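Next up, upload.pdb (PDB, N, CA and C atoms):
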```
ATOM      1  N   MET I1484     -24.410  34.388  46.319
ATOM      2  CA  MET I1484     -25.505  33.839  45.554
ATOM      3  C   MET I1484     -25.502  34.510  44.196
ATOM      4  N   GLY I1485     -25.876  33.748  43.168
ATOM      5  CA  GLY I1485     -25.845  34.256  41.805
ATOM      6  C   GLY I1485     -27.000  35.176  41.488
ATOM      7  N   ASP I1486     -26.921  35.703  40.341
ATOM      8  CA  ASP I1486     -27.930  36.606  39.825
ATOM      9  C   ASP I1486     -29.236  35.844  39.555
ATOM     10  N   PHE I1487     -30.368  36.514  39.679
ATOM     11  CA  PHE I1487     -31.669  35.859  39.556
ATOM     12  C   PHE I1487     -31.813  35.093  38.245
ATOM     13  N   ASP I1488     -31.429  35.702  37.132
ATOM     14  CA  ASP I1488     -31.593  35.035  35.838
ATOM     15  C   ASP I1488     -30.817  33.728  35.771
ATOM     16  N   ASP I1489     -29.619  33.698  36.355
ATOM     17  CA  ASP I1489     -28.821  32.476  36.370
ATOM     18  C   ASP I1489     -29.474  31.407  37.243
ATOM     19  N   LEU I1490     -29.942  31.805  38.422
ATOM     20  CA  LEU I1490     -30.611  30.854  39.317
ATOM     21  C   LEU I1490     -31.899  30.338  38.697
ATOM     22  N   LYS I1491     -32.665  31.236  38.088
ATOM     23  CA  LYS I1491     -33.916  30.850  37.419
ATOM     24  C   LYS I1491     -33.631  29.820  36.331
ATOM     25  N   ALA I1492     -32.653  30.095  35.490
ATOM     26  CA  ALA I1492     -32.315  29.174  34.394
ATOM     27  C   ALA I1492     -31.850  27.823  34.943
ATOM     28  N   ALA I1493     -31.076  27.848  36.013
ATOM     29  CA  ALA I1493     -30.583  26.595  36.595
ATOM     30  C   ALA I1493     -31.736  25.761  37.158
ATOM     31  N   ILE I1494     -32.657  26.394  37.856
ATOM     32  CA  ILE I1494     -33.791  25.676  38.442
ATOM     33  C   ILE I1494     -34.697  25.134  37.340
ATOM     34  N   GLU I1495     -34.990  25.960  36.327
ATOM     35  CA  GLU I1495     -35.842  25.500  35.235
ATOM     36  C   GLU I1495     -35.170  24.378  34.442
ATOM     37  N   GLY I1496     -33.857  24.402  34.349
ATOM     38  CA  GLY I1496     -33.143  23.321  33.685
ATOM     39  C   GLY I1496     -33.178  22.029  34.483
ATOM     40  N   GLU I1497     -33.128  22.175  35.799
ATOM     41  CA  GLU I1497     -33.159  21.012  36.694
ATOM     42  C   GLU I1497     -34.562  20.411  36.800
ATOM     43  N   PHE I1498     -35.572  21.259  36.667
ATOM     44  CA  PHE I1498     -36.969  20.837  36.818
ATOM     45  C   PHE I1498     -37.774  21.259  35.588
ATOM     46  N   PRO I1499     -37.628  20.523  34.482
ATOM     47  CA  PRO I1499     -38.390  20.858  33.271
ATOM     48  C   PRO I1499     -39.894  20.820  33.552
ATOM     49  N   GLY I1500     -40.620  21.684  32.891
ATOM     50  CA  GLY I1500     -42.064  21.728  33.085
ATOM     51  C   GLY I1500     -42.491  22.722  34.147
ATOM     52  N   TRP I1501     -41.535  23.410  34.743
ATOM     53  CA  TRP I1501     -41.823  24.422  35.755
ATOM     54  C   TRP I1501     -41.271  25.771  35.285
ATOM     55  N   GLN I1502     -42.031  26.832  35.509
ATOM     56  CA  GLN I1502     -41.594  28.187  35.202
ATOM     57  C   GLN I1502     -41.373  28.921  36.516
ATOM     58  N   VAL I1503     -40.180  29.472  36.664
ATOM     59  CA  VAL I1503     -39.783  30.119  37.916
ATOM     60  C   VAL I1503     -39.917  31.635  37.793
ATOM     61  N   TRP I1504     -40.372  32.257  38.869
ATOM     62  CA  TRP I1504     -40.444  33.705  38.930
ATOM     63  C   TRP I1504     -40.298  34.157  40.373
ATOM     64  N   ARG I1505     -40.076  35.432  40.557
ATOM     65  CA  ARG I1505     -39.902  35.988  41.900
ATOM     66  C   ARG I1505     -40.793  37.214  42.041
ATOM     67  N   SER I1506     -41.449  37.312  43.171
ATOM     68  CA  SER I1506     -42.341  38.441  43.411
ATOM     69  C   SER I1506     -41.543  39.701  43.738
ATOM     70  N   ASP I1507     -42.228  40.820  43.720
ATOM     71  CA  ASP I1507     -41.591  42.083  44.089
ATOM     72  C   ASP I1507     -41.082  42.058  45.527
ATOM     73  N   ALA I1508     -41.704  41.229  46.360
ATOM     74  CA  ALA I1508     -41.292  41.105  47.760
ATOM     75  C   ALA I1508     -40.106  40.155  47.918
ATOM     76  N   GLY I1509     -39.673  39.499  46.816
ATOM     77  CA  GLY I1509     -38.518  38.622  46.870
ATOM     78  C   GLY I1509     -38.831  37.155  47.083
ATOM     79  N   ARG I1510     -40.105  36.800  47.157
ATOM     80  CA  ARG I1510     -40.490  35.398  47.343
ATOM     81  C   ARG I1510     -40.362  34.667  46.008
ATOM     82  N   TRP I1511     -39.894  33.432  46.047
ATOM     83  CA  TRP I1511     -39.670  32.612  44.854
ATOM     84  C   TRP I1511     -40.866  31.709  44.595
ATOM     85  N   TYR I1512     -41.268  31.600  43.322
ATOM     86  CA  TYR I1512     -42.397  30.782  42.916
ATOM     87  C   TYR I1512     -42.010  29.912  41.723
ATOM     88  N   ALA I1513     -42.679  28.787  41.590
ATOM     89  CA  ALA I1513     -42.578  27.970  40.387
ATOM     90  C   ALA I1513     -43.985  27.477  40.069
ATOM     91  N   THR I1514     -44.348  27.606  38.810
ATOM     92  CA  THR I1514     -45.664  27.194  38.335
ATOM     93  C   THR I1514     -45.481  26.184  37.215
ATOM     94  N   ARG I1515     -46.280  25.138  37.254
ATOM     95  CA  ARG I1515     -46.220  24.124  36.193
ATOM     96  C   ARG I1515     -46.649  24.737  34.868
ATOM     97  N   SER I1516     -45.992  24.314  33.812
ATOM     98  CA  SER I1516     -46.370  24.802  32.487
ATOM     99  C   SER I1516     -47.513  23.987  31.894
ATOM    100  N   GLY I1517     -47.813  22.836  32.481
ATOM    101  CA  GLY I1517     -48.922  22.000  32.024
ATOM    102  C   GLY I1517     -50.006  21.885  33.074
ATOM    103  N   ASP I1518     -51.115  21.319  32.673
ATOM    104  CA  ASP I1518     -52.240  21.133  33.592
ATOM    105  C   ASP I1518     -52.081  19.855  34.404
ATOM    106  N   LEU I1519     -52.760  19.828  35.531
ATOM    107  CA  LEU I1519     -52.824  18.642  36.370
ATOM    108  C   LEU I1519     -54.217  18.036  36.261
ATOM    109  N   SER I1520     -54.271  16.731  36.353
ATOM    110  CA  SER I1520     -55.574  16.058  36.347
ATOM    111  C   SER I1520     -56.206  16.192  37.734
ATOM    112  N   ASP I1521     -57.491  15.909  37.811
ATOM    113  CA  ASP I1521     -58.183  15.938  39.104
ATOM    114  C   ASP I1521     -57.536  14.959  40.078
ATOM    115  N   SER I1522     -57.155  13.776  39.583
ATOM    116  CA  SER I1522     -56.539  12.791  40.478
ATOM    117  C   SER I1522     -55.173  13.268  40.975
ATOM    118  N   GLN I1523     -54.427  13.967  40.159
ATOM    119  CA  GLN I1523     -53.140  14.509  40.603
ATOM    120  C   GLN I1523     -53.358  15.581  41.666
ATOM    121  N   LEU I1524     -54.332  16.434  41.449
ATOM    122  CA  LEU I1524     -54.637  17.468  42.443
ATOM    123  C   LEU I1524     -55.073  16.843  43.764
ATOM    124  N   GLN I1525     -55.903  15.811  43.688
ATOM    125  CA  GLN I1525     -56.365  15.130  44.893
ATOM    126  C   GLN I1525     -55.220  14.412  45.597
ATOM    127  N   ALA I1526     -54.214  14.011  44.847
ATOM    128  CA  ALA I1526     -53.055  13.322  45.424
ATOM    129  C   ALA I1526     -52.061  14.303  46.049
ATOM    130  N   GLY I1527     -52.329  15.600  45.921
ATOM    131  CA  GLY I1527     -51.465  16.582  46.566
ATOM    132  C   GLY I1527     -50.441  17.257  45.671
ATOM    133  N   TYR I1528     -50.513  17.018  44.378
ATOM    134  CA  TYR I1528     -49.624  17.707  43.445
ATOM    135  C   TYR I1528     -49.988  19.188  43.442
ATOM    136  N   ALA I1529     -48.999  20.031  43.359
ATOM    137  CA  ALA I1529     -49.230  21.471  43.382
ATOM    138  C   ALA I1529     -49.097  22.064  41.992
ATOM    139  N   ARG I1530     -49.942  23.005  41.681
ATOM    140  CA  ARG I1530     -49.827  23.748  40.420
ATOM    141  C   ARG I1530     -48.728  24.799  40.562
ATOM    142  N   THR I1531     -48.655  25.409  41.740
ATOM    143  CA  THR I1531     -47.649  26.434  42.037
ATOM    144  C   THR I1531     -47.102  26.179  43.431
ATOM    145  N   VAL I1532     -45.800  26.350  43.581
ATOM    146  CA  VAL I1532     -45.168  26.262  44.896
ATOM    147  C   VAL I1532     -44.425  27.573  45.159
ATOM    148  N   ALA I1533     -44.240  27.903  46.435
ATOM    149  CA  ALA I1533     -43.591  29.157  46.809
ATOM    150  C   ALA I1533     -42.649  28.927  47.976
ATOM    151  N   ALA I1534     -41.548  29.674  47.966
ATOM    152  CA  ALA I1534     -40.547  29.567  49.035
ATOM    153  C   ALA I1534     -39.890  30.929  49.245
ATOM    154  N   ASP I1535     -39.189  31.046  50.360
ATOM    155  CA  ASP I1535     -38.523  32.310  50.679
ATOM    156  C   ASP I1535     -37.258  32.541  49.862
ATOM    157  N   ASP I1536     -36.662  31.464  49.347
ATOM    158  CA  ASP I1536     -35.412  31.605  48.601
ATOM    159  C   ASP I1536     -35.285  30.488  47.573
ATOM    160  N   SER I1537     -34.244  30.563  46.756
ATOM    161  CA  SER I1537     -34.074  29.576  45.692
ATOM    162  C   SER I1537     -33.822  28.174  46.236
ATOM    163  N   ALA I1538     -33.118  28.065  47.338
ATOM    164  CA  ALA I1538     -32.860  26.746  47.933
ATOM    165  C   ALA I1538     -34.161  26.109  48.406
ATOM    166  N   GLY I1539     -35.004  26.893  49.024
ATOM    167  CA  GLY I1539     -36.298  26.386  49.467
ATOM    168  C   GLY I1539     -37.180  25.977  48.304
ATOM    169  N   LEU I1540     -37.121  26.745  47.221
ATOM    170  CA  LEU I1540     -37.901  26.403  46.038
ATOM    171  C   LEU I1540     -37.419  25.084  45.440
ATOM    172  N   ARG I1541     -36.121  24.899  45.382
ATOM    173  CA  ARG I1541     -35.572  23.634  44.871
ATOM    174  C   ARG I1541     -36.060  22.448  45.706
ATOM    175  N   ARG I1542     -36.077  22.617  47.039
ATOM    176  CA  ARG I1542     -36.557  21.533  47.909
ATOM    177  C   ARG I1542     -38.015  21.196  47.616
ATOM    178  N   LEU I1543     -38.842  22.212  47.441
ATOM    179  CA  LEU I1543     -40.252  21.978  47.142
ATOM    180  C   LEU I1543     -40.422  21.283  45.794
ATOM    181  N   LEU I1544     -39.643  21.701  44.809
ATOM    182  CA  LEU I1544     -39.734  21.079  43.492
ATOM    183  C   LEU I1544     -39.235  19.640  43.535
ATOM    184  N   LEU I1545     -38.207  19.404  44.309
ATOM    185  CA  LEU I1545     -37.715  18.035  44.469
ATOM    186  C   LEU I1545     -38.798  17.166  45.105
ATOM    187  N   ASP I1546     -39.484  17.692  46.108
ATOM    188  CA  ASP I1546     -40.597  16.959  46.726
ATOM    189  C   ASP I1546     -41.686  16.654  45.705
ATOM    190  N   GLN I1547     -42.021  17.620  44.866
ATOM    191  CA  GLN I1547     -43.047  17.411  43.844
ATOM    192  C   GLN I1547     -42.623  16.336  42.852
ATOM    193  N   THR I1548     -41.376  16.350  42.420
ATOM    194  CA  THR I1548     -40.939  15.352  41.435
ATOM    195  C   THR I1548     -40.822  13.980  42.078
ATOM    196  N   ARG I1549     -40.479  13.914  43.354
ATOM    197  CA  ARG I1549     -40.467  12.616  44.051
ATOM    198  C   ARG I1549     -41.866  12.035  44.106
ATOM    199  N   GLU I1550     -42.836  12.895  44.402
ATOM    200  CA  GLU I1550     -44.234  12.434  44.443
ATOM    201  C   GLU I1550     -44.649  11.895  43.075
ATOM    202  N   GLU I1551     -44.287  12.581  42.023
ATOM    203  CA  GLU I1551     -44.658  12.165  40.676
ATOM    204  C   GLU I1551     -44.043  10.821  40.313
ATOM    205  N   ARG I1552     -42.830  10.575  40.774
ATOM    206  CA  ARG I1552     -42.142   9.324  40.474
ATOM    207  C   ARG I1552     -42.558   8.224  41.436
ATOM    208  N   GLY I1553     -43.256   8.594  42.515
ATOM    209  CA  GLY I1553     -43.646   7.594  43.506
ATOM    210  C   GLY I1553     -42.568   7.329  44.522
ATOM    211  N   ASP I1554     -41.579   8.232  44.626
ATOM    212  CA  ASP I1554     -40.487   8.071  45.600
ATOM    213  C   ASP I1554     -40.839   8.649  46.962
ATOM    214  N   GLY I1555     -41.908   9.433  47.036
ATOM    215  CA  GLY I1555     -42.210  10.158  48.266
ATOM    216  C   GLY I1555     -43.025   9.380  49.149
TER
END
```
When written as structure tokens, how does the structure in this file appear?
Amino acid sequence: MGDFDDLKAAIEGEFPGWQVWRSDAGRWYATRSGDLSDSQLQAGYARTVAADDSAGLRRLLLDQTREERGDG
């Protein structure tokens, strides 16, 4: 697996509008750089998602973007 900075840059490049970070415990997070409307929040859009690893974070972000496009 690559270095954190490389993985972070790759994920942020794949999912514009999300900022990726990792906790001291090693958990991966992504937070939207913009606000969500009340209707988006009610529809289940997440402001922040968390996963145990970069692959899990990518899956969560893919789910979020599918929801936004109406593919989910």
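For the residues I:Val1532, I:Asp1546, I:Ser1537, I:Glu1551, ranking by smallest atom-to-atom distance to Tyr1512 of chain I using only C-alpha atoms places I:Val1532 first.
The two atoms in question, atom C of Gln1502 of chain I and atom N of Ser1516 of chain I, are spaced 7.1 Å apart.
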Please compute the atom CA of Ala1513 of chain I-atom C of Thr1548 of chain I distance, one decimal, in Å.
14.2 Å
Chain I: residues DSSP assigns to helix (DSSP H, G or I), reported as a PyMOL selection string:
chain I and resi 1487-1497+1521-1525+1537-1552
Take the residues that were just selected and, keeping N, CA and C atoms, output them as an mmCIF file, keeping the file's coordinate frame.
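Result saved to out.cif:
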```cif
data_model
loop_
_atom_site.group_PDB
_atom_site.id
_atom_site.type_symbol
_atom_site.label_atom_id
_atom_site.label_comp_id
_atom_site.auth_asym_id
_atom_site.auth_seq_id
_atom_site.Cartn_x
_atom_site.Cartn_y
_atom_site.Cartn_z
ATOM 1 N N PHE I 1487 -30.368 36.514 39.679
ATOM 2 C CA PHE I 1487 -31.669 35.859 39.556
ATOM 3 C C PHE I 1487 -31.813 35.093 38.245
ATOM 4 N N ASP I 1488 -31.429 35.702 37.132
ATOM 5 C CA ASP I 1488 -31.593 35.035 35.838
ATOM 6 C C ASP I 1488 -30.817 33.728 35.771
ATOM 7 N N ASP I 1489 -29.619 33.698 36.355
ATOM 8 C CA ASP I 1489 -28.821 32.476 36.370
ATOM 9 C C ASP I 1489 -29.474 31.407 37.243
ATOM 10 N N LEU I 1490 -29.942 31.805 38.422
ATOM 11 C CA LEU I 1490 -30.611 30.854 39.317
ATOM 12 C C LEU I 1490 -31.899 30.338 38.697
ATOM 13 N N LYS I 1491 -32.665 31.236 38.088
ATOM 14 C CA LYS I 1491 -33.916 30.850 37.419
ATOM 15 C C LYS I 1491 -33.631 29.820 36.331
ATOM 16 N N ALA I 1492 -32.653 30.095 35.490
ATOM 17 C CA ALA I 1492 -32.315 29.174 34.394
ATOM 18 C C ALA I 1492 -31.850 27.823 34.943
ATOM 19 N N ALA I 1493 -31.076 27.848 36.013
ATOM 20 C CA ALA I 1493 -30.583 26.595 36.595
ATOM 21 C C ALA I 1493 -31.736 25.761 37.158
ATOM 22 N N ILE I 1494 -32.657 26.394 37.856
ATOM 23 C CA ILE I 1494 -33.791 25.676 38.442
ATOM 24 C C ILE I 1494 -34.697 25.134 37.340
ATOM 25 N N GLU I 1495 -34.990 25.960 36.327
ATOM 26 C CA GLU I 1495 -35.842 25.500 35.235
ATOM 27 C C GLU I 1495 -35.170 24.378 34.442
ATOM 28 N N GLY I 1496 -33.857 24.402 34.349
ATOM 29 C CA GLY I 1496 -33.143 23.321 33.685
ATOM 30 C C GLY I 1496 -33.178 22.029 34.483
ATOM 31 N N GLU I 1497 -33.128 22.175 35.799
ATOM 32 C CA GLU I 1497 -33.159 21.012 36.694
ATOM 33 C C GLU I 1497 -34.562 20.411 36.800
ATOM 34 N N ASP I 1521 -57.491 15.909 37.811
ATOM 35 C CA ASP I 1521 -58.183 15.938 39.104
ATOM 36 C C ASP I 1521 -57.536 14.959 40.078
ATOM 37 N N SER I 1522 -57.155 13.776 39.583
ATOM 38 C CA SER I 1522 -56.539 12.791 40.478
ATOM 39 C C SER I 1522 -55.173 13.268 40.975
ATOM 40 N N GLN I 1523 -54.427 13.967 40.159
ATOM 41 C CA GLN I 1523 -53.140 14.509 40.603
ATOM 42 C C GLN I 1523 -53.358 15.581 41.666
ATOM 43 N N LEU I 1524 -54.332 16.434 41.449
ATOM 44 C CA LEU I 1524 -54.637 17.468 42.443
ATOM 45 C C LEU I 1524 -55.073 16.843 43.764
ATOM 46 N N GLN I 1525 -55.903 15.811 43.688
ATOM 47 C CA GLN I 1525 -56.365 15.130 44.893
ATOM 48 C C GLN I 1525 -55.220 14.412 45.597
ATOM 49 N N SER I 1537 -34.244 30.563 46.756
ATOM 50 C CA SER I 1537 -34.074 29.576 45.692
ATOM 51 C C SER I 1537 -33.822 28.174 46.236
ATOM 52 N N ALA I 1538 -33.118 28.065 47.338
ATOM 53 C CA ALA I 1538 -32.860 26.746 47.933
ATOM 54 C C ALA I 1538 -34.161 26.109 48.406
ATOM 55 N N GLY I 1539 -35.004 26.893 49.024
ATOM 56 C CA GLY I 1539 -36.298 26.386 49.467
ATOM 57 C C GLY I 1539 -37.180 25.977 48.304
ATOM 58 N N LEU I 1540 -37.121 26.745 47.221
ATOM 59 C CA LEU I 1540 -37.901 26.403 46.038
ATOM 60 C C LEU I 1540 -37.419 25.084 45.440
ATOM 61 N N ARG I 1541 -36.121 24.899 45.382
ATOM 62 C CA ARG I 1541 -35.572 23.634 44.871
ATOM 63 C C ARG I 1541 -36.060 22.448 45.706
ATOM 64 N N ARG I 1542 -36.077 22.617 47.039
ATOM 65 C CA ARG I 1542 -36.557 21.533 47.909
ATOM 66 C C ARG I 1542 -38.015 21.196 47.616
ATOM 67 N N LEU I 1543 -38.842 22.212 47.441
ATOM 68 C CA LEU I 1543 -40.252 21.978 47.142
ATOM 69 C C LEU I 1543 -40.422 21.283 45.794
ATOM 70 N N LEU I 1544 -39.643 21.701 44.809
ATOM 71 C CA LEU I 1544 -39.734 21.079 43.492
ATOM 72 C C LEU I 1544 -39.235 19.640 43.535
ATOM 73 N N LEU I 1545 -38.207 19.404 44.309
ATOM 74 C CA LEU I 1545 -37.715 18.035 44.469
ATOM 75 C C LEU I 1545 -38.798 17.166 45.105
ATOM 76 N N ASP I 1546 -39.484 17.692 46.108
ATOM 77 C CA ASP I 1546 -40.597 16.959 46.726
ATOM 78 C C ASP I 1546 -41.686 16.654 45.705
ATOM 79 N N GLN I 1547 -42.021 17.620 44.866
ATOM 80 C CA GLN I 1547 -43.047 17.411 43.844
ATOM 81 C C GLN I 1547 -42.623 16.336 42.852
ATOM 82 N N THR I 1548 -41.376 16.350 42.420
ATOM 83 C CA THR I 1548 -40.939 15.352 41.435
ATOM 84 C C THR I 1548 -40.822 13.980 42.078
ATOM 85 N N ARG I 1549 -40.479 13.914 43.354
ATOM 86 C CA ARG I 1549 -40.467 12.616 44.051
ATOM 87 C C ARG I 1549 -41.866 12.035 44.106
ATOM 88 N N GLU I 1550 -42.836 12.895 44.402
ATOM 89 C CA GLU I 1550 -44.234 12.434 44.443
ATOM 90 C C GLU I 1550 -44.649 11.895 43.075
ATOM 91 N N GLU I 1551 -44.287 12.581 42.023
ATOM 92 C CA GLU I 1551 -44.658 12.165 40.676
ATOM 93 C C GLU I 1551 -44.043 10.821 40.313
ATOM 94 N N ARG I 1552 -42.830 10.575 40.774
ATOM 95 C CA ARG I 1552 -42.142 9.324 40.474
ATOM 96 C C ARG I 1552 -42.558 8.224 41.436
#
```
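Between atom CA of Leu1540 of chain I and atom CA of Ala1492 of chain I there is a distance of 13.2 Å.
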So which residues of chain I fall under strand (DSSP E or B) by DSSP, listed as a ChimeraX atom specification?
/I:1501-1505,1511-1515,1531-1534
Which centre and edge lengths in Å to one decimal define the box along x, y and z that fits every listed atom of segment 1515-1519 of chain I plus 8 Å per side, as JSON?
```
{"center_x": -50.1, "center_y": 21.6, "center_z": 34.6, "size_x": 24.2, "size_y": 23.1, "size_z": 21.4}
```
Could you please fill out segment 1498-1508 of chain I with all heavy atoms and send it back as a compact mmCIF listing (two decimals), in the frame of the given file?
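Resulting contents of result_4.txt:
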```txt
# COMPACT_ATOMS: atom_id res chain seq x y z
N PHE I 1498 -35.57 21.26 36.67
CA PHE I 1498 -36.97 20.84 36.82
C PHE I 1498 -37.77 21.26 35.59
O PHE I 1498 -38.53 22.24 35.64
CB PHE I 1498 -37.58 21.43 38.09
CG PHE I 1498 -36.87 21.02 39.35
CD1 PHE I 1498 -35.92 21.84 39.92
CD2 PHE I 1498 -37.13 19.79 39.93
CE1 PHE I 1498 -35.24 21.46 41.07
CE2 PHE I 1498 -36.46 19.40 41.08
CZ PHE I 1498 -35.52 20.23 41.65
N PRO I 1499 -37.63 20.52 34.48
CA PRO I 1499 -38.39 20.86 33.27
C PRO I 1499 -39.89 20.82 33.55
O PRO I 1499 -40.36 20.04 34.37
CB PRO I 1499 -38.00 19.75 32.29
CG PRO I 1499 -36.77 19.13 32.84
CD PRO I 1499 -36.80 19.34 34.32
N GLY I 1500 -40.62 21.68 32.89
CA GLY I 1500 -42.06 21.73 33.08
C GLY I 1500 -42.49 22.72 34.15
O GLY I 1500 -43.68 22.86 34.43
N TRP I 1501 -41.54 23.41 34.74
CA TRP I 1501 -41.82 24.42 35.76
C TRP I 1501 -41.27 25.77 35.28
O TRP I 1501 -40.17 25.84 34.75
CB TRP I 1501 -41.17 24.07 37.09
CG TRP I 1501 -41.78 22.89 37.77
CD1 TRP I 1501 -41.44 21.58 37.60
CD2 TRP I 1501 -42.83 22.91 38.74
NE1 TRP I 1501 -42.21 20.77 38.40
CE2 TRP I 1501 -43.08 21.57 39.12
CE3 TRP I 1501 -43.58 23.92 39.33
CZ2 TRP I 1501 -44.04 21.22 40.06
CZ3 TRP I 1501 -44.54 23.56 40.27
CH2 TRP I 1501 -44.76 22.24 40.62
N GLN I 1502 -42.03 26.83 35.51
CA GLN I 1502 -41.59 28.19 35.20
C GLN I 1502 -41.37 28.92 36.52
O GLN I 1502 -42.26 28.98 37.36
CB GLN I 1502 -42.64 28.91 34.36
CG GLN I 1502 -42.83 28.25 33.00
CD GLN I 1502 -43.92 28.90 32.19
OE1 GLN I 1502 -44.89 29.42 32.73
NE2 GLN I 1502 -43.77 28.85 30.88
N VAL I 1503 -40.18 29.47 36.66
CA VAL I 1503 -39.78 30.12 37.92
C VAL I 1503 -39.92 31.64 37.79
O VAL I 1503 -39.60 32.22 36.76
CB VAL I 1503 -38.32 29.74 38.26
CG1 VAL I 1503 -37.83 30.50 39.48
CG2 VAL I 1503 -38.21 28.24 38.47
N TRP I 1504 -40.37 32.26 38.87
CA TRP I 1504 -40.44 33.70 38.93
C TRP I 1504 -40.30 34.16 40.37
O TRP I 1504 -40.34 33.34 41.30
CB TRP I 1504 -41.73 34.23 38.30
CG TRP I 1504 -43.00 33.63 38.82
CD1 TRP I 1504 -43.52 32.40 38.52
CD2 TRP I 1504 -43.92 34.23 39.72
NE1 TRP I 1504 -44.70 32.22 39.19
CE2 TRP I 1504 -44.98 33.32 39.92
CE3 TRP I 1504 -43.96 35.46 40.39
CZ2 TRP I 1504 -46.05 33.60 40.74
CZ3 TRP I 1504 -45.03 35.74 41.20
CH2 TRP I 1504 -46.07 34.81 41.38
N ARG I 1505 -40.08 35.43 40.56
CA ARG I 1505 -39.90 35.99 41.90
C ARG I 1505 -40.79 37.21 42.04
O ARG I 1505 -40.86 38.06 41.15
CB ARG I 1505 -38.43 36.35 42.11
CG ARG I 1505 -38.09 36.67 43.54
CD ARG I 1505 -36.61 36.81 43.75
NE ARG I 1505 -36.06 37.81 42.85
CZ ARG I 1505 -34.78 38.08 42.72
NH1 ARG I 1505 -33.89 37.42 43.42
NH2 ARG I 1505 -34.37 38.99 41.88
N SER I 1506 -41.45 37.31 43.17
CA SER I 1506 -42.34 38.44 43.41
C SER I 1506 -41.54 39.70 43.74
O SER I 1506 -40.34 39.64 44.01
CB SER I 1506 -43.28 38.12 44.58
OG SER I 1506 -42.57 38.13 45.80
N ASP I 1507 -42.23 40.82 43.72
CA ASP I 1507 -41.59 42.08 44.09
C ASP I 1507 -41.08 42.06 45.53
O ASP I 1507 -40.14 42.76 45.87
CB ASP I 1507 -42.57 43.25 43.92
CG ASP I 1507 -42.90 43.53 42.47
OD1 ASP I 1507 -42.13 43.12 41.58
OD2 ASP I 1507 -43.95 44.16 42.21
N ALA I 1508 -41.70 41.23 46.36
CA ALA I 1508 -41.29 41.10 47.76
C ALA I 1508 -40.11 40.16 47.92
O ALA I 1508 -39.59 39.98 49.02
CB ALA I 1508 -42.46 40.62 48.61
```
